[in-house]
Amino acid sequence: MQILYNVLLYIIQPLIWIKLLWRSRKAPAYRKRWLERYGFCKHKVKPNGILVHAVSVGETIAAIPLVKALQQRYPDLPITVTTMTPTGSEQVKSLLKDSVSHVYLPYDLPCALHRFLKIVSPKLVIIMETELWPNLISQCYKRHIPVIIANARLSERSAKRYAKLGKTISHLLAKISTVAVQNHQDGERFISLGLPKEHLSITGSIKFDINLTNQQQQQIIALKQQWQLNRPVLIAASTHTGEDEIILSAFKLLLQKHANLLLILVPRHPERFNTVEKLINNEGFNYIKRSNQQIPTPQTQIILGDTMGELMVLYGIADIAVVGGSFVKHGGHNPLEPALHHIPIISGEHYFNFNVICEQLIADNAMIISDSSANKLALFVDNLLTNPTHCKQIGEKAHYVLKQNQGALAKLLAIINHYLC
């Protein structure tokens, strides 16, 4: 099975190059740094430290508190953070700057990983969530490099898919030093696939362990003073294709009753910034772009959030948050980021990537679920705008759920310490 897997990986490389070139039409970053994807990263990383892999934006943001905690606890160990996407790369550069080394994780090819691990030579590999790359895990195992799957989750659907691999998946899981899962259900699924019980640890989700940095707090204060907004602010964050039309239609309905409402619209991926701008322009809205550093006037109806790394700051300006990726079948995005700001959260029905977190918020009446119609979304926002006490209560409940579930990071750090002592 491993040989077949490797042969297929090598065969499809030309298709991967075509895909990268195709995606680079809208996101030029996809045609850059290809050598890193094959393990050529000499002089770009500092060896003999900790390797943290976060595949894309969501995993990268979740990894930030962990990376910063590792920097404080092990100041003499260099940290390399890898991603697979340009957007994840931009998050690393924006949030961690030069405090870490950053390259793309190579494709799961034996030669590429041999080259990569020889250069990086990590003392420990931490993989965020559930990226089970057979060659990466196997080569770390052969080199006696501990591998921790942190903040791991495994849906019932994914577990069934992995189960079809039979002993192959159980042999792979046995090579992982620790799988730190978010909850008991995830843990049981890993055990059923063959993970040795002694390799399992239930830590909870480190996505609850987020806090605003001093820099973010200062940026929020400065932006509020600069913008001088004496009007309600709705933010629609991390939107995907098909959602912006819903948001803009709902916003148009809301303006009929709340003429001074300001919308901050933040697409998830930078390659969609121009597309969303065209949608806004075609609808005739008065808008500005965040990248132009313009100050909104009373006539400004929409601010297009076309910058990277500012979402947490923009949440701090808003009164109500709509979390994207959930009004289409993408799986949603982290609702805990707006919860940190004590503001009410509205999500679509497709939040399966954050199912446990969302179900907990829903159970505590700390999040509102809308269907994908503009009318329903506008109705929920209108209800919050016209009932400020209710609006504040929902926001406070969301923040309470966030704070009550913190502590996973400390448990994860204790596991990491075991391997680095």
# chains A, B, ... in the order shown; residues from 1 in each chain; ligands from 1
$ closest_atom_pairs --of "region 273-317 of chain A" --to "region 239-247 of chain A" --cutoff "12 Å" --atoms "only C-alpha atoms" --output "JSON lines"
{"residue": "A:Phe273", "atom": "CA", "partner": "A:Thr239", "partner_atom": "CA", "distance": 10.5}
{"residue": "A:Thr275", "atom": "CA", "partner": "A:Thr241", "partner_atom": "CA", "distance": 9.4}
{"residue": "A:Val276", "atom": "CA", "partner": "A:Asp244", "partner_atom": "CA", "distance": 7.0}
{"residue": "A:Glu277", "atom": "CA", "partner": "A:Asp244", "partner_atom": "CA", "distance": 10.1}
{"residue": "A:Lys278", "atom": "CA", "partner": "A:Asp244", "partner_atom": "CA", "distance": 11.0}
{"residue": "A:Leu279", "atom": "CA", "partner": "A:Glu245", "partner_atom": "CA", "distance": 7.6}
{"residue": "A:Ile280", "atom": "CA", "partner": "A:Asp244", "partner_atom": "CA", "distance": 8.9}
{"residue": "A:Asn282", "atom": "CA", "partner": "A:Glu245", "partner_atom": "CA", "distance": 11.1}
{"residue": "A:Glu283", "atom": "CA", "partner": "A:Glu245", "partner_atom": "CA", "distance": 9.8}
{"residue": "A:Ile302", "atom": "CA", "partner": "A:Ile247", "partner_atom": "CA", "distance": 11.4}
{"residue": "A:Leu304", "atom": "CA", "partner": "A:Asp244", "partner_atom": "CA", "distance": 11.2}
{"residue": "A:Gly305", "atom": "CA", "partner": "A:Thr239", "partner_atom": "CA", "distance": 10.8}
{"residue": "A:Asp306", "atom": "CA", "partner": "A:Thr239", "partner_atom": "CA", "distance": 11.8}
$ closest_atom_pairs --of "region 71-165 of chain A" --to "region 414-421 of chain A" --cutoff "10 Å" --atoms "only C-alpha atoms" --output "JSON lines"
{"residue": "A:Arg73", "atom": "CA", "partner": "A:Asn417", "partner_atom": "CA", "distance": 9.2}
{"residue": "A:Tyr74", "atom": "CA", "partner": "A:Leu420", "partner_atom": "CA", "distance": 9.1}
{"residue": "A:Lys123", "atom": "CA", "partner": "A:Leu420", "partner_atom": "CA", "distance": 7.5}
{"residue": "A:Leu124", "atom": "CA", "partner": "A:Tyr419", "partner_atom": "CA", "distance": 7.4}
{"residue": "A:Val125", "atom": "CA", "partner": "A:Ile416", "partner_atom": "CA", "distance": 9.8}
{"residue": "A:Ile126", "atom": "CA", "partner": "A:Ile416", "partner_atom": "CA", "distance": 8.8}
{"residue": "A:Ile145", "atom": "CA", "partner": "A:Tyr419", "partner_atom": "CA", "distance": 9.5}
{"residue": "A:Pro146", "atom": "CA", "partner": "A:Tyr419", "partner_atom": "CA", "distance": 7.2}
{"residue": "A:Val147", "atom": "CA", "partner": "A:Tyr419", "partner_atom": "CA", "distance": 9.5}
{"residue": "A:Ile148", "atom": "CA", "partner": "A:Ile416", "partner_atom": "CA", "distance": 8.0}
{"residue": "A:Ala150", "atom": "CA", "partner": "A:Ile416", "partner_atom": "CA", "distance": 9.9}
$ closest_residue --among "A:Ala259, A:Leu96, A:Ile206, A:Ile3" --to "Ala408 (chain A)" --atoms "only C-alpha atoms"
A:Ile206
$ residues_around --residues "Ser24 (chain A)" --least-positions-apart "5" --cutoff "12 Å" --atoms "only C-alpha atoms" --output "ChimeraX atom specification"
/A:17-19,29-32,85-86,270-271
$ closest_residue --among "A:Val266, A:Leu136, A:Ala174, A:Val103" --to "Ile79 (chain A)" --atoms "only C-alpha atoms"
A:Val103
$ residues_around --residues "Leu314 (chain A)" --least-positions-apart "6" --cutoff "10 Å" --atoms "only C-alpha atoms" --output "ChimeraX atom specification"
/A:216,219-220,223-224,235,237,264-266,305,338
$ residues_around --residues "Gln13 (chain A)" --least-positions-apart "3" --cutoff "12 Å" --atoms "only C-alpha atoms" --output "list in words"
Asn6, Val7, Leu8, Leu9, Tyr10, Ile16, Trp17, Ile18, Lys19, Leu20, Trp34, Arg37, Tyr38, Tyr107, Asp108 and Leu109 of chain A
$ atom_distance --atom1 "CA of His102 (chain A)" --atom2 "CA of Ile64 (chain A)"
13.2 Å
$ select_by_dssp --residues "region 117-234 of chain A" --states "alpha helix (DSSP H)" --output "compact mmCIF listing (two decimals) with all heavy atoms, in the first residue's frame"
# COMPACT_ATOMS: atom_id res chain seq x y z
N LEU A 117 13.78 16.94 6.20
CA LEU A 117 14.07 16.58 7.58
C LEU A 117 15.57 16.61 7.87
O LEU A 117 15.99 16.89 9.00
CB LEU A 117 13.49 15.20 7.91
CG LEU A 117 11.96 15.14 7.97
CD1 LEU A 117 11.49 13.69 8.12
CD2 LEU A 117 11.43 15.99 9.12
N LYS A 118 16.38 16.35 6.87
CA LYS A 118 17.82 16.42 7.04
C LYS A 118 18.26 17.87 7.30
O LYS A 118 19.15 18.14 8.11
CB LYS A 118 18.53 15.88 5.79
CG LYS A 118 20.05 15.77 5.94
CD LYS A 118 20.67 15.14 4.70
CE LYS A 118 22.19 15.03 4.86
NZ LYS A 118 22.81 14.41 3.65
N ILE A 119 17.60 18.81 6.62
CA ILE A 119 17.92 20.23 6.80
C ILE A 119 17.37 20.77 8.11
O ILE A 119 18.08 21.42 8.88
CB ILE A 119 17.36 21.06 5.62
CG1 ILE A 119 18.07 20.67 4.32
CG2 ILE A 119 17.52 22.56 5.88
CD1 ILE A 119 17.43 21.26 3.07
N VAL A 120 16.10 20.48 8.40
CA VAL A 120 15.44 21.03 9.59
C VAL A 120 15.89 20.31 10.85
O VAL A 120 16.07 20.91 11.91
CB VAL A 120 13.91 20.98 9.45
CG1 VAL A 120 13.22 21.55 10.69
CG2 VAL A 120 13.47 21.73 8.20
N PRO A 134 1.55 9.97 5.50
CA PRO A 134 2.25 8.71 5.78
C PRO A 134 3.77 8.81 5.74
O PRO A 134 4.46 8.31 6.64
CB PRO A 134 1.73 7.76 4.68
CG PRO A 134 0.38 8.30 4.34
CD PRO A 134 0.51 9.79 4.46
N ASN A 135 4.33 9.44 4.71
CA ASN A 135 5.78 9.51 4.61
C ASN A 135 6.40 10.43 5.66
O ASN A 135 7.46 10.14 6.20
CB ASN A 135 6.21 9.95 3.20
CG ASN A 135 6.05 8.84 2.19
OD1 ASN A 135 6.42 7.70 2.44
ND2 ASN A 135 5.48 9.15 1.03
N LEU A 136 5.74 11.53 5.94
CA LEU A 136 6.24 12.42 6.99
C LEU A 136 6.29 11.70 8.32
O LEU A 136 7.31 11.73 9.04
CB LEU A 136 5.34 13.66 7.09
CG LEU A 136 5.64 14.61 8.26
CD1 LEU A 136 7.05 15.18 8.15
CD2 LEU A 136 4.60 15.73 8.33
N ILE A 137 5.19 11.03 8.67
CA ILE A 137 5.13 10.33 9.95
C ILE A 137 6.12 9.17 9.98
O ILE A 137 6.84 8.98 10.97
CB ILE A 137 3.69 9.84 10.21
CG1 ILE A 137 2.76 11.05 10.43
CG2 ILE A 137 3.63 8.91 11.41
CD1 ILE A 137 1.29 10.71 10.42
N SER A 138 6.21 8.42 8.90
CA SER A 138 7.11 7.26 8.85
C SER A 138 8.58 7.68 8.94
O SER A 138 9.38 7.06 9.65
CB SER A 138 6.87 6.45 7.58
OG SER A 138 5.57 5.90 7.57
N GLN A 139 8.94 8.74 8.23
CA GLN A 139 10.33 9.18 8.26
C GLN A 139 10.71 9.77 9.61
O GLN A 139 11.84 9.59 10.08
CB GLN A 139 10.60 10.17 7.14
CG GLN A 139 10.59 9.53 5.76
CD GLN A 139 11.49 10.23 4.77
OE1 GLN A 139 12.43 10.92 5.13
NE2 GLN A 139 11.21 10.04 3.48
N CYS A 140 9.79 10.46 10.24
CA CYS A 140 10.06 10.94 11.61
C CYS A 140 10.25 9.76 12.55
O CYS A 140 11.13 9.77 13.42
CB CYS A 140 8.91 11.82 12.09
SG CYS A 140 8.86 13.46 11.34
N TYR A 141 9.43 8.74 12.39
CA TYR A 141 9.51 7.54 13.23
C TYR A 141 10.87 6.86 13.07
O TYR A 141 11.51 6.47 14.05
CB TYR A 141 8.38 6.59 12.86
CG TYR A 141 8.30 5.33 13.70
CD1 TYR A 141 7.78 5.37 15.00
CD2 TYR A 141 8.73 4.11 13.20
CE1 TYR A 141 7.71 4.22 15.77
CE2 TYR A 141 8.65 2.96 13.95
CZ TYR A 141 8.14 3.03 15.24
OH TYR A 141 8.06 1.88 16.01
N LYS A 142 11.35 6.74 11.83
CA LYS A 142 12.64 6.11 11.57
C LYS A 142 13.79 6.94 12.15
O LYS A 142 14.81 6.39 12.58
CB LYS A 142 12.85 5.94 10.06
CG LYS A 142 11.97 4.87 9.44
CD LYS A 142 12.18 4.81 7.93
CE LYS A 142 11.24 3.77 7.30
NZ LYS A 142 11.39 3.75 5.80
N GLU A 156 -16.91 11.46 12.15
CA GLU A 156 -17.38 10.10 11.88
C GLU A 156 -17.18 9.74 10.40
O GLU A 156 -16.78 8.62 10.07
CB GLU A 156 -18.86 9.99 12.26
CG GLU A 156 -19.40 8.58 12.20
CD GLU A 156 -20.82 8.48 12.71
OE1 GLU A 156 -21.31 9.45 13.31
OE2 GLU A 156 -21.43 7.42 12.51
N ARG A 157 -17.40 10.71 9.55
CA ARG A 157 -17.23 10.49 8.11
C ARG A 157 -15.76 10.19 7.78
O ARG A 157 -15.46 9.25 7.03
CB ARG A 157 -17.70 11.73 7.36
CG ARG A 157 -17.59 11.63 5.85
CD ARG A 157 -18.05 12.93 5.21
NE ARG A 157 -17.89 12.92 3.77
CZ ARG A 157 -18.14 13.95 2.99
NH1 ARG A 157 -18.59 15.08 3.51
NH2 ARG A 157 -17.96 13.88 1.68
N SER A 158 -14.84 10.98 8.34
CA SER A 158 -13.41 10.75 8.08
C SER A 158 -12.95 9.42 8.65
O SER A 158 -12.14 8.71 8.04
CB SER A 158 -12.59 11.89 8.68
OG SER A 158 -12.87 13.12 8.04
N ALA A 159 -13.47 9.07 9.82
CA ALA A 159 -13.10 7.80 10.45
C ALA A 159 -13.50 6.62 9.56
O ALA A 159 -12.75 5.65 9.41
CB ALA A 159 -13.75 7.68 11.82
N LYS A 160 -14.68 6.69 8.97
CA LYS A 160 -15.15 5.61 8.07
C LYS A 160 -14.26 5.51 6.84
O LYS A 160 -13.97 4.42 6.36
CB LYS A 160 -16.60 5.86 7.67
CG LYS A 160 -17.61 5.64 8.79
CD LYS A 160 -19.02 5.93 8.33
CE LYS A 160 -20.03 5.68 9.46
NZ LYS A 160 -21.41 6.02 9.04
N ARG A 161 -13.82 6.67 6.35
CA ARG A 161 -12.96 6.68 5.17
C ARG A 161 -11.59 6.07 5.50
O ARG A 161 -11.07 5.25 4.74
CB ARG A 161 -12.80 8.11 4.67
CG ARG A 161 -12.14 8.21 3.31
CD ARG A 161 -12.27 9.59 2.69
NE ARG A 161 -11.61 10.61 3.48
CZ ARG A 161 -12.24 11.59 4.11
NH1 ARG A 161 -13.55 11.68 4.05
NH2 ARG A 161 -11.57 12.48 4.81
N TYR A 162 -11.03 6.44 6.64
CA TYR A 162 -9.74 5.88 7.06
C TYR A 162 -9.85 4.38 7.34
O TYR A 162 -8.91 3.62 7.10
CB TYR A 162 -9.23 6.59 8.31
CG TYR A 162 -8.55 7.91 8.05
CD1 TYR A 162 -8.98 9.07 8.70
CD2 TYR A 162 -7.47 8.00 7.18
CE1 TYR A 162 -8.35 10.29 8.48
CE2 TYR A 162 -6.84 9.21 6.95
CZ TYR A 162 -7.28 10.35 7.61
OH TYR A 162 -6.66 11.55 7.39
N ALA A 163 -11.01 3.96 7.86
CA ALA A 163 -11.19 2.54 8.22
C ALA A 163 -11.05 1.63 7.00
O ALA A 163 -10.68 0.45 7.14
CB ALA A 163 -12.55 2.35 8.88
N LYS A 167 -5.31 -2.30 8.05
CA LYS A 167 -4.11 -2.30 8.89
C LYS A 167 -3.14 -1.17 8.53
O LYS A 167 -2.32 -0.78 9.36
CB LYS A 167 -3.41 -3.65 8.77
CG LYS A 167 -4.17 -4.79 9.44
CD LYS A 167 -3.36 -6.09 9.40
CE LYS A 167 -4.12 -7.21 10.11
NZ LYS A 167 -3.35 -8.48 10.08
N THR A 168 -3.24 -0.66 7.32
CA THR A 168 -2.35 0.42 6.91
C THR A 168 -2.49 1.62 7.83
O THR A 168 -1.50 2.21 8.27
CB THR A 168 -2.64 0.85 5.45
OG1 THR A 168 -2.46 -0.27 4.59
CG2 THR A 168 -1.72 1.97 5.02
N ILE A 169 -3.72 1.99 8.15
CA ILE A 169 -3.94 3.15 9.01
C ILE A 169 -3.54 2.85 10.45
O ILE A 169 -2.97 3.71 11.14
CB ILE A 169 -5.41 3.66 8.93
CG1 ILE A 169 -5.56 5.00 9.65
CG2 ILE A 169 -6.38 2.64 9.48
CD1 ILE A 169 -4.79 6.13 9.02
N SER A 170 -3.79 1.64 10.91
CA SER A 170 -3.40 1.31 12.29
C SER A 170 -1.89 1.30 12.44
O SER A 170 -1.35 1.75 13.47
CB SER A 170 -3.99 -0.05 12.71
OG SER A 170 -3.50 -1.08 11.88
N HIS A 171 -1.16 0.81 11.43
CA HIS A 171 0.31 0.82 11.46
C HIS A 171 0.84 2.25 11.46
O HIS A 171 1.82 2.56 12.15
CB HIS A 171 0.88 0.06 10.27
CG HIS A 171 0.67 -1.42 10.36
ND1 HIS A 171 0.72 -2.25 9.25
CD2 HIS A 171 0.40 -2.24 11.41
CE1 HIS A 171 0.49 -3.50 9.62
NE2 HIS A 171 0.29 -3.50 10.93
N LEU A 172 0.17 3.12 10.71
CA LEU A 172 0.59 4.52 10.67
C LEU A 172 0.34 5.21 12.01
O LEU A 172 1.22 5.92 12.52
CB LEU A 172 -0.17 5.25 9.56
CG LEU A 172 0.18 6.74 9.37
CD1 LEU A 172 1.62 6.88 8.89
CD2 LEU A 172 -0.79 7.40 8.39
N LEU A 173 -0.83 5.00 12.59
CA LEU A 173 -1.17 5.63 13.86
C LEU A 173 -0.23 5.18 14.98
O LEU A 173 0.07 5.95 15.90
CB LEU A 173 -2.62 5.33 14.24
CG LEU A 173 -3.70 5.99 13.36
CD1 LEU A 173 -5.08 5.49 13.73
CD2 LEU A 173 -3.64 7.51 13.49
N HIS A 184 -13.73 13.36 23.80
CA HIS A 184 -13.77 11.89 23.94
C HIS A 184 -14.22 11.20 22.65
O HIS A 184 -13.70 10.13 22.31
CB HIS A 184 -14.71 11.51 25.09
CG HIS A 184 -14.14 11.82 26.44
ND1 HIS A 184 -13.27 10.98 27.10
CD2 HIS A 184 -14.32 12.91 27.25
CE1 HIS A 184 -12.94 11.52 28.27
NE2 HIS A 184 -13.56 12.69 28.38
N GLN A 185 -15.18 11.79 21.94
CA GLN A 185 -15.68 11.17 20.72
C GLN A 185 -14.57 11.03 19.68
O GLN A 185 -14.42 9.98 19.05
CB GLN A 185 -16.84 11.99 20.13
CG GLN A 185 -18.10 11.98 20.98
CD GLN A 185 -18.15 13.14 21.95
OE1 GLN A 185 -17.11 13.67 22.34
NE2 GLN A 185 -19.37 13.53 22.33
N ASP A 186 -13.78 12.10 19.52
CA ASP A 186 -12.66 12.04 18.59
C ASP A 186 -11.67 10.97 19.03
O ASP A 186 -11.14 10.22 18.21
CB ASP A 186 -11.95 13.40 18.52
CG ASP A 186 -12.78 14.46 17.81
OD1 ASP A 186 -13.47 14.12 16.85
OD2 ASP A 186 -12.74 15.63 18.23
N GLY A 187 -11.43 10.90 20.33
CA GLY A 187 -10.50 9.92 20.86
C GLY A 187 -10.94 8.49 20.58
O GLY A 187 -10.13 7.64 20.18
N GLU A 188 -12.23 8.23 20.76
CA GLU A 188 -12.76 6.88 20.50
C GLU A 188 -12.60 6.50 19.03
O GLU A 188 -12.32 5.34 18.71
CB GLU A 188 -14.24 6.82 20.91
CG GLU A 188 -14.48 6.83 22.41
CD GLU A 188 -13.82 5.64 23.10
OE1 GLU A 188 -13.86 4.52 22.54
OE2 GLU A 188 -13.25 5.83 24.18
N ARG A 189 -12.77 7.46 18.14
CA ARG A 189 -12.63 7.16 16.72
C ARG A 189 -11.18 6.82 16.38
O ARG A 189 -10.92 5.91 15.58
CB ARG A 189 -13.12 8.36 15.89
CG ARG A 189 -14.63 8.56 15.99
CD ARG A 189 -15.09 9.73 15.13
NE ARG A 189 -16.50 10.02 15.40
CZ ARG A 189 -16.96 11.19 15.81
NH1 ARG A 189 -16.13 12.20 15.99
NH2 ARG A 189 -18.25 11.37 16.05
N PHE A 190 -10.23 7.53 16.97
CA PHE A 190 -8.82 7.21 16.73
C PHE A 190 -8.49 5.81 17.28
O PHE A 190 -7.77 5.05 16.62
CB PHE A 190 -7.91 8.26 17.40
CG PHE A 190 -7.65 9.46 16.54
CD1 PHE A 190 -8.27 10.67 16.81
CD2 PHE A 190 -6.77 9.39 15.46
CE1 PHE A 190 -8.03 11.79 16.03
CE2 PHE A 190 -6.52 10.50 14.67
CZ PHE A 190 -7.15 11.70 14.95
N ILE A 191 -9.01 5.50 18.45
CA ILE A 191 -8.76 4.18 19.05
C ILE A 191 -9.33 3.08 18.15
O ILE A 191 -8.71 2.03 17.92
CB ILE A 191 -9.37 4.08 20.45
CG1 ILE A 191 -8.67 5.05 21.42
CG2 ILE A 191 -9.30 2.65 20.99
CD1 ILE A 191 -7.23 4.74 21.68
N SER A 192 -10.53 3.32 17.61
CA SER A 192 -11.17 2.32 16.76
C SER A 192 -10.37 2.06 15.48
O SER A 192 -10.46 0.99 14.89
CB SER A 192 -12.60 2.74 16.40
OG SER A 192 -12.58 3.87 15.53
N ASN A 214 -1.21 42.54 23.08
CA ASN A 214 -1.15 43.97 23.40
C ASN A 214 -1.18 44.81 22.13
O ASN A 214 -1.82 45.87 22.09
CB ASN A 214 0.12 44.28 24.20
CG ASN A 214 0.06 43.70 25.61
OD1 ASN A 214 -1.02 43.53 26.17
ND2 ASN A 214 1.21 43.41 26.17
N GLN A 215 -0.51 44.31 21.09
CA GLN A 215 -0.49 45.03 19.83
C GLN A 215 -1.89 45.12 19.22
O GLN A 215 -2.29 46.19 18.75
CB GLN A 215 0.46 44.33 18.84
CG GLN A 215 0.57 45.06 17.50
CD GLN A 215 1.43 44.31 16.50
OE1 GLN A 215 1.79 43.16 16.70
NE2 GLN A 215 1.77 44.96 15.40
N GLN A 216 -2.64 44.01 19.25
CA GLN A 216 -4.01 44.02 18.71
C GLN A 216 -4.90 44.96 19.51
O GLN A 216 -5.72 45.70 18.94
CB GLN A 216 -4.58 42.61 18.72
CG GLN A 216 -3.97 41.70 17.66
CD GLN A 216 -4.36 40.25 17.83
OE1 GLN A 216 -4.66 39.80 18.94
NE2 GLN A 216 -4.38 39.50 16.73
N GLN A 217 -4.76 44.96 20.82
CA GLN A 217 -5.56 45.85 21.66
C GLN A 217 -5.28 47.31 21.34
O GLN A 217 -6.21 48.13 21.23
CB GLN A 217 -5.27 45.56 23.14
CG GLN A 217 -5.80 44.22 23.62
CD GLN A 217 -5.36 43.89 25.03
OE1 GLN A 217 -4.42 44.49 25.56
NE2 GLN A 217 -6.01 42.91 25.65
N GLN A 218 -4.00 47.63 21.14
CA GLN A 218 -3.64 49.00 20.80
C GLN A 218 -4.14 49.38 19.42
O GLN A 218 -4.58 50.52 19.19
CB GLN A 218 -2.11 49.17 20.87
CG GLN A 218 -1.52 49.08 22.27
CD GLN A 218 -2.13 50.09 23.23
OE1 GLN A 218 -2.29 51.26 22.88
NE2 GLN A 218 -2.50 49.63 24.43
N GLN A 219 -4.12 48.43 18.49
CA GLN A 219 -4.61 48.69 17.13
C GLN A 219 -6.11 48.96 17.14
O GLN A 219 -6.59 49.83 16.40
CB GLN A 219 -4.29 47.50 16.22
CG GLN A 219 -2.82 47.40 15.84
CD GLN A 219 -2.53 46.14 15.04
OE1 GLN A 219 -3.15 45.09 15.24
NE2 GLN A 219 -1.58 46.22 14.12
N ILE A 220 -6.84 48.21 17.95
CA ILE A 220 -8.30 48.42 18.05
C ILE A 220 -8.59 49.81 18.61
O ILE A 220 -9.44 50.55 18.07
CB ILE A 220 -8.94 47.33 18.93
CG1 ILE A 220 -8.89 45.98 18.22
CG2 ILE A 220 -10.40 47.69 19.25
CD1 ILE A 220 -9.26 44.80 19.11
N ILE A 221 -7.90 50.18 19.67
CA ILE A 221 -8.09 51.50 20.27
C ILE A 221 -7.78 52.60 19.27
O ILE A 221 -8.53 53.57 19.11
CB ILE A 221 -7.21 51.65 21.54
CG1 ILE A 221 -7.69 50.70 22.64
CG2 ILE A 221 -7.22 53.10 22.04
CD1 ILE A 221 -6.76 50.59 23.82
N ALA A 222 -6.65 52.43 18.57
CA ALA A 222 -6.23 53.45 17.59
C ALA A 222 -7.22 53.57 16.45
O ALA A 222 -7.55 54.68 16.00
CB ALA A 222 -4.84 53.10 17.06
N LEU A 223 -7.74 52.43 15.98
CA LEU A 223 -8.67 52.43 14.86
C LEU A 223 -10.00 53.07 15.26
O LEU A 223 -10.61 53.83 14.48
CB LEU A 223 -8.88 51.01 14.34
CG LEU A 223 -9.29 50.83 12.87
CD1 LEU A 223 -8.30 51.54 11.95
CD2 LEU A 223 -9.38 49.36 12.52
N LYS A 224 -10.46 52.79 16.46
CA LYS A 224 -11.70 53.39 16.95
C LYS A 224 -11.56 54.91 17.05
O LYS A 224 -12.48 55.66 16.69
CB LYS A 224 -12.08 52.81 18.32
CG LYS A 224 -12.68 51.41 18.25
CD LYS A 224 -13.09 50.93 19.64
CE LYS A 224 -13.80 49.58 19.54
NZ LYS A 224 -14.21 49.08 20.89
N GLN A 225 -10.41 55.38 17.53
CA GLN A 225 -10.18 56.82 17.64
C GLN A 225 -10.08 57.46 16.27
O GLN A 225 -10.57 58.57 16.05
CB GLN A 225 -8.89 57.07 18.44
CG GLN A 225 -9.00 56.73 19.91
CD GLN A 225 -7.69 56.88 20.65
OE1 GLN A 225 -6.61 56.97 20.05
NE2 GLN A 225 -7.76 56.91 21.98
N GLN A 226 -9.46 56.74 15.33
CA GLN A 226 -9.27 57.27 13.98
C GLN A 226 -10.59 57.32 13.22
O GLN A 226 -10.89 58.31 12.55
CB GLN A 226 -8.26 56.42 13.23
CG GLN A 226 -7.91 56.94 11.84
CD GLN A 226 -6.98 56.01 11.09
OE1 GLN A 226 -7.07 54.79 11.21
NE2 GLN A 226 -6.08 56.58 10.30
N TRP A 227 -11.38 56.26 13.32
CA TRP A 227 -12.62 56.17 12.54
C TRP A 227 -13.77 56.95 13.17
O TRP A 227 -14.67 57.39 12.44
CB TRP A 227 -13.02 54.71 12.36
CG TRP A 227 -12.16 53.97 11.37
CD1 TRP A 227 -11.07 54.47 10.71
CD2 TRP A 227 -12.32 52.62 10.91
NE1 TRP A 227 -10.53 53.52 9.88
CE2 TRP A 227 -11.28 52.36 9.98
CE3 TRP A 227 -13.22 51.61 11.21
CZ2 TRP A 227 -11.14 51.13 9.35
CZ3 TRP A 227 -13.08 50.38 10.58
CH2 TRP A 227 -12.05 50.15 9.66
$ atom_distance --atom1 "CA of Lys289 (chain A)" --atom2 "CA of Phe354 (chain A)"
29.7 Å
$ decode --residues "region 166-177 of chain A" --atoms "N, CA and C atoms" --output "PDB file, in the first residue's frame"
ATOM      1  N   GLY A 166      -7.779  -0.285   6.487  1.00  0.00           N
ATOM      2  CA  GLY A 166      -7.466  -1.474   7.286  1.00  0.00           C
ATOM      3  C   GLY A 166      -6.215  -1.319   8.132  1.00  0.00           C
ATOM      4  N   LYS A 167      -5.313  -2.295   8.045  1.00  0.00           N
ATOM      5  CA  LYS A 167      -4.114  -2.298   8.888  1.00  0.00           C
ATOM      6  C   LYS A 167      -3.138  -1.170   8.532  1.00  0.00           C
ATOM      7  N   THR A 168      -3.244  -0.664   7.318  1.00  0.00           N
ATOM      8  CA  THR A 168      -2.348   0.420   6.908  1.00  0.00           C
ATOM      9  C   THR A 168      -2.487   1.624   7.828  1.00  0.00           C
ATOM     10  N   ILE A 169      -3.725   1.990   8.152  1.00  0.00           N
ATOM     11  CA  ILE A 169      -3.942   3.151   9.012  1.00  0.00           C
ATOM     12  C   ILE A 169      -3.537   2.852  10.446  1.00  0.00           C
ATOM     13  N   SER A 170      -3.791   1.644  10.912  1.00  0.00           N
ATOM     14  CA  SER A 170      -3.403   1.306  12.289  1.00  0.00           C
ATOM     15  C   SER A 170      -1.887   1.297  12.444  1.00  0.00           C
ATOM     16  N   HIS A 171      -1.157   0.806  11.425  1.00  0.00           N
ATOM     17  CA  HIS A 171       0.311   0.819  11.464  1.00  0.00           C
ATOM     18  C   HIS A 171       0.835   2.250  11.462  1.00  0.00           C
ATOM     19  N   LEU A 172       0.168   3.117  10.713  1.00  0.00           N
ATOM     20  CA  LEU A 172       0.585   4.518  10.666  1.00  0.00           C
ATOM     21  C   LEU A 172       0.344   5.209  12.009  1.00  0.00           C
ATOM     22  N   LEU A 173      -0.830   5.001  12.590  1.00  0.00           N
ATOM     23  CA  LEU A 173      -1.168   5.634  13.864  1.00  0.00           C
ATOM     24  C   LEU A 173      -0.234   5.181  14.984  1.00  0.00           C
ATOM     25  N   ALA A 174       0.229   3.939  14.902  1.00  0.00           N
ATOM     26  CA  ALA A 174       1.135   3.422  15.931  1.00  0.00           C
ATOM     27  C   ALA A 174       2.473   4.152  15.931  1.00  0.00           C
ATOM     28  N   LYS A 175       2.797   4.838  14.826  1.00  0.00           N
ATOM     29  CA  LYS A 175       4.069   5.561  14.731  1.00  0.00           C
ATOM     30  C   LYS A 175       3.985   6.979  15.290  1.00  0.00           C
ATOM     31  N   ILE A 176       2.770   7.401  15.626  1.00  0.00           N
ATOM     32  CA  ILE A 176       2.579   8.746  16.179  1.00  0.00           C
ATOM     33  C   ILE A 176       2.777   8.692  17.688  1.00  0.00           C
ATOM     34  N   SER A 177       3.567   9.603  18.202  1.00  0.00           N
ATOM     35  CA  SER A 177       3.889   9.582  19.636  1.00  0.00           C
ATOM     36  C   SER A 177       2.671   9.891  20.498  1.00  0.00           C
TER      37      SER A 177
END
